Amino acid sequence: MAPREIRPGIYSVGAVDFDRRLFDSLIPLPDGTSYNAYLVQGSEKTALIDAVDPTMRDVLLSNLDRLGVERIDYVVANHAEQDHSGALVQVADVYPEAQFVASPKCKDMLVDHLALPAERIETAEDNGTLSLGDRTLEFIHAPWVHWPETILTYLREDRVLFTCDLFGSHLATTDLYATDEARVYEAAKRYYAEIMMPFHRIIERHLERLEGYDIELIAPSHGPMYDRPEFILEAYRDWVFGDPKNLVVLPYISMHGSTLAMVDYLVDALAVRGVRVERFDLSATDLGKLATTLVDAATLVIGTPTFLVGPHPHVAQAAMLANALRPKLKFAAVIGSYGWAGKAVEQVGEMVSSLRLEMLDPVLCKGFPREGDFEALEALADKIASKHRESGLQ
Ligand code: FEO
């Protein structure tokens with residue numbers, strides 16, 4: 001993407017990756033992504049905030065060239081992950097006078113992962129500042145958004161907060177700003193679910209700390225910028241601080257139709273009790289959509305046939321994903337069928353053990369479900385509805 005001025009002397013110089021479809025060899029990217037980098041020119045010094053993925057290094061260097069940038073004094077590395085730091089090596093070569101600035105932990109990572117020379121990296125202390133002349137960068141240590149070394153950079157005079165992964169969205173767009181807020185909301189929520197949710201307790205503290213900053217523009221390193229910061233701050237407050245909703249997430253696999261019959265029955269039984277359900281056929285679903293639903297869900301119901309002794313492998317993957325993402329779930333249950341015996345319930349329980357959920361009674365049937373099994377599903381729907389009511393969930 002061509003460089004664009006966002007304030008006098010402040011430019012977006014990163015790359016939009018419309019074609020990327022997978023991140024970390026795991027996370028689907030239905031809408032691509034971007035690796036945003038920003039050039040900040042002060043009256044005396046020039047700083048580059050973050051770089052780009054190594055596959056897009058030529059875009060960054062070309063943008064700097066198109067702007068006629070002959071000298072970069074500082075390169076701030078907010079985060080050491082390669083989608084932002086990967087092109088630092090080439091920046092170091094093209095701009096030999098540039099000093100890199102990173103948190104102490106990030107400095108070690110840049111040396112370890114990229115072999116950047118340690119003598120070219122200055123460490124940024126928490127609340128430390130760097131003068132560019134008439135502009136001042138302030139560094140805010142913000143561990144675990146997304147790695148332990150991460151910092152945010154606040155440009156005081158312009159009230160711009162460069163947040164790297166925090167508040168990002170995997171969204172390839174020509175829009176500089178979140179003008180289509182509904183679309184950005186979905187992408188940012190999905191990003192939060194996949195990347196940030198495991199650290200939501202720490203993000204609570206970061207959000208509280210950011211209350212003390214006057215912010216006019218939030219400039220993340222993925223997706224569009226927020227010229228109405230309250231939009232994304234309010235969304236994060238809901239995702240991080242808010243109670244879960246009156247919502248069941250129901251991922252399932254059915255091999256011969258028995259578990260599917262139970263799933264269909266339970267979805268109806270919950271719906272007539274006023275409980276919202278999002279169901280996901282794990283043989284076809286996009287795990288990112290499942291993760292997004294986990295942001296709000298109060299109850300996880302897992303539908304699985306018995307596969308050999310335990311849950312179906314797709315179900316095991318979904319359970320382990322939920323366990324890793326640390327959503328605000330309160331309750332869980334297992335439903336499904338078996339042919340002769342099995343340990344699916346016990347094994348699923350172990351797979352979500354980090355979530356400290358209240359496990360509700362499972363409903364398992366031998367072969368195809370019959371009247372007694374459907375009665376048990378009615379009882380499970382009653383239990384979930386009453387648990388949600390007692391918890392005051394909306
Ligand atoms: Fe966008 Fe954690 O890197």
# chains A, B, ... in the order shown; residues from 1 in each chain; ligands from 1
call {"tool": "residues_near_ligand", "arguments": {"ligand": "ligand 1", "cutoff": "12 Å", "atoms": "only C-alpha atoms and all ligand atoms", "output": "VMD selection string"}}
result
chain A and resid 23 to 24 33 to 37 50 to 53 77 to 86 143 to 151 163 to 170 191 to 192 194 to 196 220 to 223
call {"tool": "write_last_selection", "arguments": {"atoms": "C-alpha atoms", "output": "PDB file, in the first residue's frame"}}
result
ATOM      1  CA  PHE A  23      -1.337 -16.966  10.472  1.00  0.00           C
ATOM      2  CA  ASP A  24       1.015 -18.944  12.711  1.00  0.00           C
ATOM      3  CA  THR A  33      -4.280  -8.746   7.269  1.00  0.00           C
ATOM      4  CA  SER A  34      -1.926  -5.782   7.317  1.00  0.00           C
ATOM      5  CA  TYR A  35       1.413  -5.010   8.902  1.00  0.00           C
ATOM      6  CA  ASN A  36       1.231  -1.336   9.726  1.00  0.00           C
ATOM      7  CA  ALA A  37       4.352   0.731  10.248  1.00  0.00           C
ATOM      8  CA  ASP A  50       7.536  -1.004  13.894  1.00  0.00           C
ATOM      9  CA  ALA A  51       8.378  -2.700  10.601  1.00  0.00           C
ATOM     10  CA  VAL A  52       6.517  -5.345   8.599  1.00  0.00           C
ATOM     11  CA  ASP A  53       6.441  -9.052   7.919  1.00  0.00           C
ATOM     12  CA  ALA A  77      10.201  -2.139  17.927  1.00  0.00           C
ATOM     13  CA  ASN A  78       7.015  -2.372  19.975  1.00  0.00           C
ATOM     14  CA  HIS A  79       6.959  -6.145  19.632  1.00  0.00           C
ATOM     15  CA  ALA A  80       9.480  -8.769  18.529  1.00  0.00           C
ATOM     16  CA  GLU A  81       7.137 -11.087  16.633  1.00  0.00           C
ATOM     17  CA  GLN A  82       8.276 -11.454  13.060  1.00  0.00           C
ATOM     18  CA  ASP A  83       5.177  -9.998  11.410  1.00  0.00           C
ATOM     19  CA  HIS A  84       6.367  -6.640  12.767  1.00  0.00           C
ATOM     20  CA  SER A  85      10.061  -7.155  13.335  1.00  0.00           C
ATOM     21  CA  GLY A  86      10.940  -9.363  10.370  1.00  0.00           C
ATOM     22  CA  PRO A 143       3.446  -7.151  28.640  1.00  0.00           C
ATOM     23  CA  TRP A 144       1.351  -9.898  27.027  1.00  0.00           C
ATOM     24  CA  VAL A 145      -0.258  -7.903  24.264  1.00  0.00           C
ATOM     25  CA  HIS A 146       0.908 -10.060  22.697  1.00  0.00           C
ATOM     26  CA  TRP A 147       4.243 -11.339  24.029  1.00  0.00           C
ATOM     27  CA  PRO A 148       5.895 -10.573  27.382  1.00  0.00           C
ATOM     28  CA  GLU A 149       8.185  -7.940  25.847  1.00  0.00           C
ATOM     29  CA  THR A 150       5.566  -5.743  24.219  1.00  0.00           C
ATOM     30  CA  ILE A 151       5.362  -1.971  24.595  1.00  0.00           C
ATOM     31  CA  THR A 163      -0.413  -0.150  19.960  1.00  0.00           C
ATOM     32  CA  CYS A 164       1.093  -2.814  17.679  1.00  0.00           C
ATOM     33  CA  ASP A 165      -1.014  -5.968  18.242  1.00  0.00           C
ATOM     34  CA  LEU A 166      -3.312  -4.475  20.898  1.00  0.00           C
ATOM     35  CA  PHE A 167      -6.613  -3.295  19.362  1.00  0.00           C
ATOM     36  CA  GLY A 168      -5.573  -4.823  16.030  1.00  0.00           C
ATOM     37  CA  SER A 169      -7.673  -6.647  13.478  1.00  0.00           C
ATOM     38  CA  HIS A 170      -6.725  -9.058  10.737  1.00  0.00           C
ATOM     39  CA  TYR A 191      -8.596 -10.885  16.604  1.00  0.00           C
ATOM     40  CA  TYR A 192      -9.216 -10.304  20.318  1.00  0.00           C
ATOM     41  CA  GLU A 194      -7.621 -15.466  18.903  1.00  0.00           C
ATOM     42  CA  ILE A 195      -4.744 -13.349  20.147  1.00  0.00           C
ATOM     43  CA  MET A 196      -5.687 -11.324  23.214  1.00  0.00           C
ATOM     44  CA  PRO A 220      -2.419  -0.517  15.698  1.00  0.00           C
ATOM     45  CA  SER A 221      -0.102  -2.581  13.524  1.00  0.00           C
ATOM     46  CA  HIS A 222      -2.882  -4.774  12.102  1.00  0.00           C
ATOM     47  CA  GLY A 223      -6.019  -3.425  10.451  1.00  0.00           C
TER      48      GLY A 223
END
call {"tool": "residues_around", "arguments": {"residues": "Val277 in chain A", "least_positions_apart": "2", "cutoff": "7 Å", "atoms": "only C-alpha atoms", "output": "mmCIF file with C-alpha atoms, in the first residue's frame"}}
result
data_model
loop_
_atom_site.group_PDB
_atom_site.id
_atom_site.type_symbol
_atom_site.label_atom_id
_atom_site.label_comp_id
_atom_site.auth_asym_id
_atom_site.auth_seq_id
_atom_site.Cartn_x
_atom_site.Cartn_y
_atom_site.Cartn_z
ATOM 1 C CA LEU A 247 -25.338 -17.707 25.148
ATOM 2 C CA VAL A 248 -24.399 -21.354 24.649
ATOM 3 C CA VAL A 249 -21.652 -22.269 22.210
ATOM 4 C CA LEU A 250 -22.133 -25.765 20.881
ATOM 5 C CA VAL A 267 -30.653 -26.306 20.297
ATOM 6 C CA VAL A 275 -31.194 -19.173 25.614
ATOM 7 C CA ARG A 279 -23.661 -24.275 16.951
#
call {"tool": "residues_around", "arguments": {"residues": "Thr299 in chain A", "least_positions_apart": "6", "cutoff": "6 Å", "atoms": "only C-alpha atoms", "output": "mmCIF file with C-alpha atoms, in the first residue's frame"}}
result
data_model
loop_
_atom_site.group_PDB
_atom_site.id
_atom_site.type_symbol
_atom_site.label_atom_id
_atom_site.label_comp_id
_atom_site.auth_asym_id
_atom_site.auth_seq_id
_atom_site.Cartn_x
_atom_site.Cartn_y
_atom_site.Cartn_z
ATOM 1 C CA VAL A 248 -24.399 -21.354 24.649
ATOM 2 C CA LEU A 329 -17.255 -19.408 30.278
ATOM 3 C CA LYS A 330 -18.980 -20.490 33.491
ATOM 4 C CA PHE A 331 -20.616 -23.825 32.675
ATOM 5 C CA ALA A 332 -19.972 -26.810 30.436
#
call {"tool": "residues_around", "arguments": {"residues": "Glu375 in chain A", "least_positions_apart": "3", "cutoff": "12 Å", "atoms": "only C-alpha atoms", "output": "number ranges by chain"}}
result
A: 262, 265-266, 269, 363-365, 369-372, 378-382
call {"tool": "select_by_dssp", "arguments": {"residues": "range 261-351 of chain A", "states": "alpha helix (DSSP H)", "output": "count of residues only"}}
result
41
call {"tool": "closest_residue", "arguments": {"among": "A:Gly14, A:Leu137, A:Ile6, A:Ser283", "to": "Tyr226 in chain A", "atoms": "only C-alpha atoms"}}
result
A:Ile6
call {"tool": "residues_around", "arguments": {"residues": "range 300-313 of chain A", "least_positions_apart": "3", "cutoff": "6 Å", "atoms": "only C-alpha atoms", "output": "list in words"}}
result
Val248, Val249, Leu250, Pro251, Tyr252, Ile253, Ala316, Ala332, Ala333, Val334, Ile335, Gly336, Ser337, Tyr338, Gly342, Lys343 and Ala344 of chain A
call {"tool": "write_last_selection", "arguments": {"atoms": "N, CA and C atoms", "output": "compact mmCIF listing (two decimals), in the first residue's frame"}}
result
# COMPACT_ATOMS: atom_id res chain seq x y z
N VAL A 248 -25.07 -20.04 24.65
CA VAL A 248 -24.40 -21.35 24.65
C VAL A 248 -23.64 -21.50 23.34
N VAL A 249 -22.39 -21.92 23.42
CA VAL A 249 -21.65 -22.27 22.21
C VAL A 249 -21.59 -23.79 22.15
N LEU A 250 -21.96 -24.32 20.99
CA LEU A 250 -22.13 -25.77 20.88
C LEU A 250 -21.34 -26.32 19.68
N PRO A 251 -20.07 -26.58 19.87
CA PRO A 251 -19.30 -27.24 18.81
C PRO A 251 -19.53 -28.75 18.86
N TYR A 252 -19.65 -29.37 17.70
CA TYR A 252 -19.96 -30.80 17.71
C TYR A 252 -19.41 -31.47 16.46
N ILE A 253 -19.32 -32.78 16.58
CA ILE A 253 -19.07 -33.67 15.44
C ILE A 253 -20.10 -34.79 15.51
N ALA A 316 -11.64 -32.79 20.28
CA ALA A 316 -10.49 -32.61 21.18
C ALA A 316 -9.76 -31.31 20.84
N ALA A 332 -20.25 -25.96 31.60
CA ALA A 332 -19.97 -26.81 30.44
C ALA A 332 -20.69 -28.14 30.60
N ALA A 333 -20.97 -28.77 29.46
CA ALA A 333 -21.56 -30.11 29.47
C ALA A 333 -21.12 -30.84 28.22
N VAL A 334 -21.20 -32.14 28.27
CA VAL A 334 -20.90 -32.98 27.11
C VAL A 334 -22.15 -33.77 26.76
N ILE A 335 -22.48 -33.76 25.46
CA ILE A 335 -23.54 -34.64 24.99
C ILE A 335 -22.98 -35.48 23.84
N GLY A 336 -23.60 -36.63 23.58
CA GLY A 336 -23.11 -37.43 22.46
C GLY A 336 -23.49 -38.88 22.59
N SER A 337 -22.97 -39.65 21.67
CA SER A 337 -23.36 -41.06 21.63
C SER A 337 -22.12 -41.93 21.64
N TYR A 338 -22.35 -43.19 21.96
CA TYR A 338 -21.25 -44.16 21.94
C TYR A 338 -21.79 -45.49 21.43
N GLY A 342 -16.81 -45.93 26.58
CA GLY A 342 -15.90 -44.85 26.25
C GLY A 342 -15.64 -43.93 27.43
N LYS A 343 -14.70 -43.03 27.23
CA LYS A 343 -14.32 -42.09 28.28
C LYS A 343 -14.33 -40.65 27.74
N ALA A 344 -15.23 -40.37 26.81
CA ALA A 344 -15.25 -39.03 26.19
C ALA A 344 -15.48 -37.94 27.22
call {"tool": "atom_distance", "arguments": {"atom1": "CA of Glu70 in chain A", "atom2": "CA of Asp58 in chain A"}}
result
16.0 Å
call {"tool": "closest_residue", "arguments": {"among": "A:Pro8, A:Gly133, A:Gly42, A:Pro244", "to": "His388 in chain A", "atoms": "only C-alpha atoms"}}
result
A:Pro244
call {"tool": "closest_residue", "arguments": {"among": "A:Ala193, A:Gly339, A:Met109, A:Gly242", "to": "Met255 in chain A", "atoms": "only C-alpha atoms"}}
result
A:Gly339
call {"tool": "closest_residue", "arguments": {"among": "A:Asp31, A:Glu122, A:Leu88, A:Leu176", "to": "Glu5 in chain A", "atoms": "only C-alpha atoms"}}
result
A:Leu176
call {"tool": "select_by_dssp", "arguments": {"residues": "range 99-328 of chain A", "states": "strand (DSSP E)", "output": "ChimeraX atom specification"}}
result
/A:99-102,121-123,129-131,136-141,151-155,160-164,217-220,247-252,276-281,299-303,306-307,310-311
call {"tool": "atom_distance", "arguments": {"atom1": "CA of Asp296 in chain A", "atom2": "CA of Ser354 in chain A"}}
result
17.9 Å
